[in-house]
Amino acid sequence: MENDKIILVLNCGSSSLKYDVIKMPSRESLGKGLVERIGNEKGVLEQKVKGQKYKIEERIEDHKKALELVIKAITDKDNGIVKNISEINGIGHRVVHGGDKYASSVLIDDTVIKAIEECIEIAPLHNPPNLIGIKVAQELMPGLPQVAVFDTAFHQTMPPHAFLYGIPRKMYEDYKIRRYGFHGTSHRYVAARTLELCKRDASNTNMITCHLGNGASITAIEKGKSIDTSMGFTPLEGLMMGTRSGSIDPAIIGYLMDKGMSAQEVMNTLNKKSGLLGLSGISNDMRDVEVAALDGNKDAQEALDIFTYRIKRYIGSYFAILDKVDVLVFTGGIGENGWEAREKICRGLENLGVLMNYEANKGIRSKETIVSHPYSPVTVMVVPTNEELQIAIDVFDLAFAA
Ligand code: AMP
């Protein structure tokens, strides 16, 4: 159709590049792929189009080479997604940190690039590869509208009492230390999709969205706006996660350093060796931990108990800050698939009006479903997230729908 636009969505990590080609406004994914081990001896690109897999294995020295391979793969005569690269109409980039500068997605120009560069200081691991992705895309596919979609943007509506820490104000003024929140694109997508599915309007709906994956966060959404979220200055705050500790007493960090660990070692432990992995001693993967717990492993059982207990505690606190809660939404790998975890979290929330239909919840994986009773004051839903689609929607809205 004449108004159809094909959007290339790029998510650049330090050694990976995830992509999805999405047709708008029909929201159809035409094919997607992943480049991994950029910079290693042997890199790999795997693409999936209508169930067909296509693979390229060779040295991929940098992100420019990775995007060149993506262009080659998506235009491949036999296994490609489009006939010619000129069929791509716009590009959307996932950018982790927009600081306090961006409360929504933006068309990329030099000012935006400068702003993303300025955020490197507070997102040293994530923003540099995101920026490289933007620059390489500008070089290899010039003249196309490109849009930056920030993980932090959705949470810019948090009021100061939710985003300021109780530390000297000067630390906020001098170093921008405050809570930013992450996973915003996912929380925004599932919130909008929930409204569509429930045929509700944002203006009279409050919800709590639980993004539970290897990384996990919970957001309190009042009339469409994020008013609080569990991640903070970095994605380490809040819930316990696959390998991240979540919130701990900050005094532990000084204590461990007094015991001889360097700041880097402590941070590495809290980010990469804690959470489900650190407590179970088995895996950061929920499925492995669940299997071990069923086999009678006490550490694994305790890891599960702590994971779900903390989620329950956050949900309770968000009931306290929202006037009323209409919908409780589960998303992310665990939220979408882990019906046992959903059951464990919701048991005991009856006094808050969460009347889960445990039979309906059982076995539901990655499917948009209501899992509460029709008479439950709070509707409980499973809504699979789709950050790539949200990015494509933003590109379409900003570049073509005006
Ligand atoms: P994500 O980071 O959103 O991809 O989610 C990854 C997490 O989802 C891992 O901990 C997986 O173990 C978990 N997950 C995926 N499938 C299931 C499942 N069927 N049951 C429980 N957890 C699952």
# chains A, B, ... in the order shown; residues from 1 in each chain; ligands from 1

$ residues_around --residues "Glu139 (chain A)" --least-positions-apart "6" --cutoff "12 Å" --atoms "only C-alpha atoms" --output "PyMOL selection string"
chain A and resi 63-65+67-68+132-133+146

$ residues_around --residues "region 82-94 of chain A" --least-positions-apart "3" --cutoff "9 Å" --atoms "only C-alpha atoms" --output "ChimeraX atom specification"
/A:5-12,21,30,71-72,74-77,130,133-134,137,141,144-151,185,387-388,391-392,394-396,399

$ residues_around --residues "Asn204 (chain A)" --least-positions-apart "6" --cutoff "10 Å" --atoms "only C-alpha atoms" --output "list in words"
Glu222, Lys223, Gly224 and Asp326 of chain A

$ residues_near_ligand --ligand "ligand 1" --cutoff "6 Å" --atoms "only C-alpha atoms and all ligand atoms" --output "list in words"
Gly213, Asn214, Gly215, Asp285, Met286, Arg287, Gly332, Gly333, Ile334, Asn337 and Gly338 of chain A

$ residues_around --residues "Gln301 (chain A)" --least-positions-apart "5" --cutoff "9 Å" --atoms "only C-alpha atoms" --output "list in words"
Ser280, Val289, Glu290, Ala292, Ala293, Leu294, Gly296 and Ile306 of chain A

$ residues_around --residues "Pro377 (chain A)" --least-positions-apart "6" --cutoff "12 Å" --atoms "only C-alpha atoms" --output "number ranges by chain"
A: 324-328, 349-356

$ atom_distance --atom1 "CA of Met158 (chain A)" --atom2 "CA of Asp397 (chain A)"
24.0 Å

$ select_by_dssp --residues "region 79-300 of chain A" --states "helix (DSSP H, G or I)" --output "JSON, numbers by chain"
{"A": [85, 86, 87, 110, 111, 112, 113, 114, 115, 116, 117, 118, 119, 120, 121, 122, 127, 128, 129, 130, 131, 132, 133, 134, 135, 136, 137, 138, 139, 140, 153, 154, 155, 156, 157, 160, 161, 162, 163, 169, 170, 171, 172, 173, 174, 175, 184, 185, 186, 187, 188, 189, 190, 191, 192, 193, 194, 195, 196, 197, 198, 202, 203, 204, 251, 252, 253, 254, 255, 256, 257, 258, 263, 264, 265, 266, 267, 268, 269, 270, 271, 272, 275, 276, 277, 278, 279, 280, 286, 287, 288, 289, 290, 291, 292, 293, 294, 298, 299, 300]}

$ atom_distance --atom1 "CA of Val190 (chain A)" --atom2 "CA of Ile81 (chain A)"
26.9 Å

$ closest_residue --among "A:Thr157, A:Asn284, A:Thr205, A:Ser217" --to "Gly242 (chain A)" --atoms "only C-alpha atoms"
A:Asn284

$ select_by_dssp --residues "region 303-397 of chain A" --states "strand (DSSP E or B)" --output "PyMOL selection string"
chain A and resi 327-331+354+356+369-370+372+378-382

$ atom_distance --atom1 "CA of Phe400 (chain A)" --atom2 "CA of Val49 (chain A)"
25.5 Å

$ residues_around --residues "Thr219 (chain A)" --least-positions-apart "3" --cutoff "6 Å" --atoms "only C-alpha atoms" --output "ChimeraX atom specification"
/A:208-209,228-229

$ write_last_selection --atoms "N, CA, C and O atoms" --output "mmCIF file, in the first residue's frame"
data_model
loop_
_atom_site.group_PDB
_atom_site.id
_atom_site.type_symbol
_atom_site.label_atom_id
_atom_site.label_comp_id
_atom_site.auth_asym_id
_atom_site.auth_seq_id
_atom_site.Cartn_x
_atom_site.Cartn_y
_atom_site.Cartn_z
ATOM 1 N N ILE A 208 -0.291 -1.382 37.477
ATOM 2 C CA ILE A 208 1.056 -1.743 37.914
ATOM 3 C C ILE A 208 1.578 -2.716 36.867
ATOM 4 O O ILE A 208 0.941 -3.745 36.611
ATOM 5 N N THR A 209 2.694 -2.360 36.217
ATOM 6 C CA THR A 209 3.255 -3.243 35.193
ATOM 7 C C THR A 209 4.522 -3.889 35.746
ATOM 8 O O THR A 209 5.418 -3.200 36.238
ATOM 9 N N ASP A 228 6.200 6.067 39.475
ATOM 10 C CA ASP A 228 7.336 5.489 40.222
ATOM 11 C C ASP A 228 7.720 4.182 39.548
ATOM 12 O O ASP A 228 6.902 3.530 38.907
ATOM 13 N N THR A 229 8.990 3.834 39.681
ATOM 14 C CA THR A 229 9.470 2.585 39.108
ATOM 15 C C THR A 229 10.605 2.071 39.974
ATOM 16 O O THR A 229 11.224 2.843 40.721
#

$ closest_residue --among "A:Gly13, A:Ala202, A:Asn79, A:Ile167" --to "Asn127 (chain A)" --atoms "only C-alpha atoms"
A:Gly13
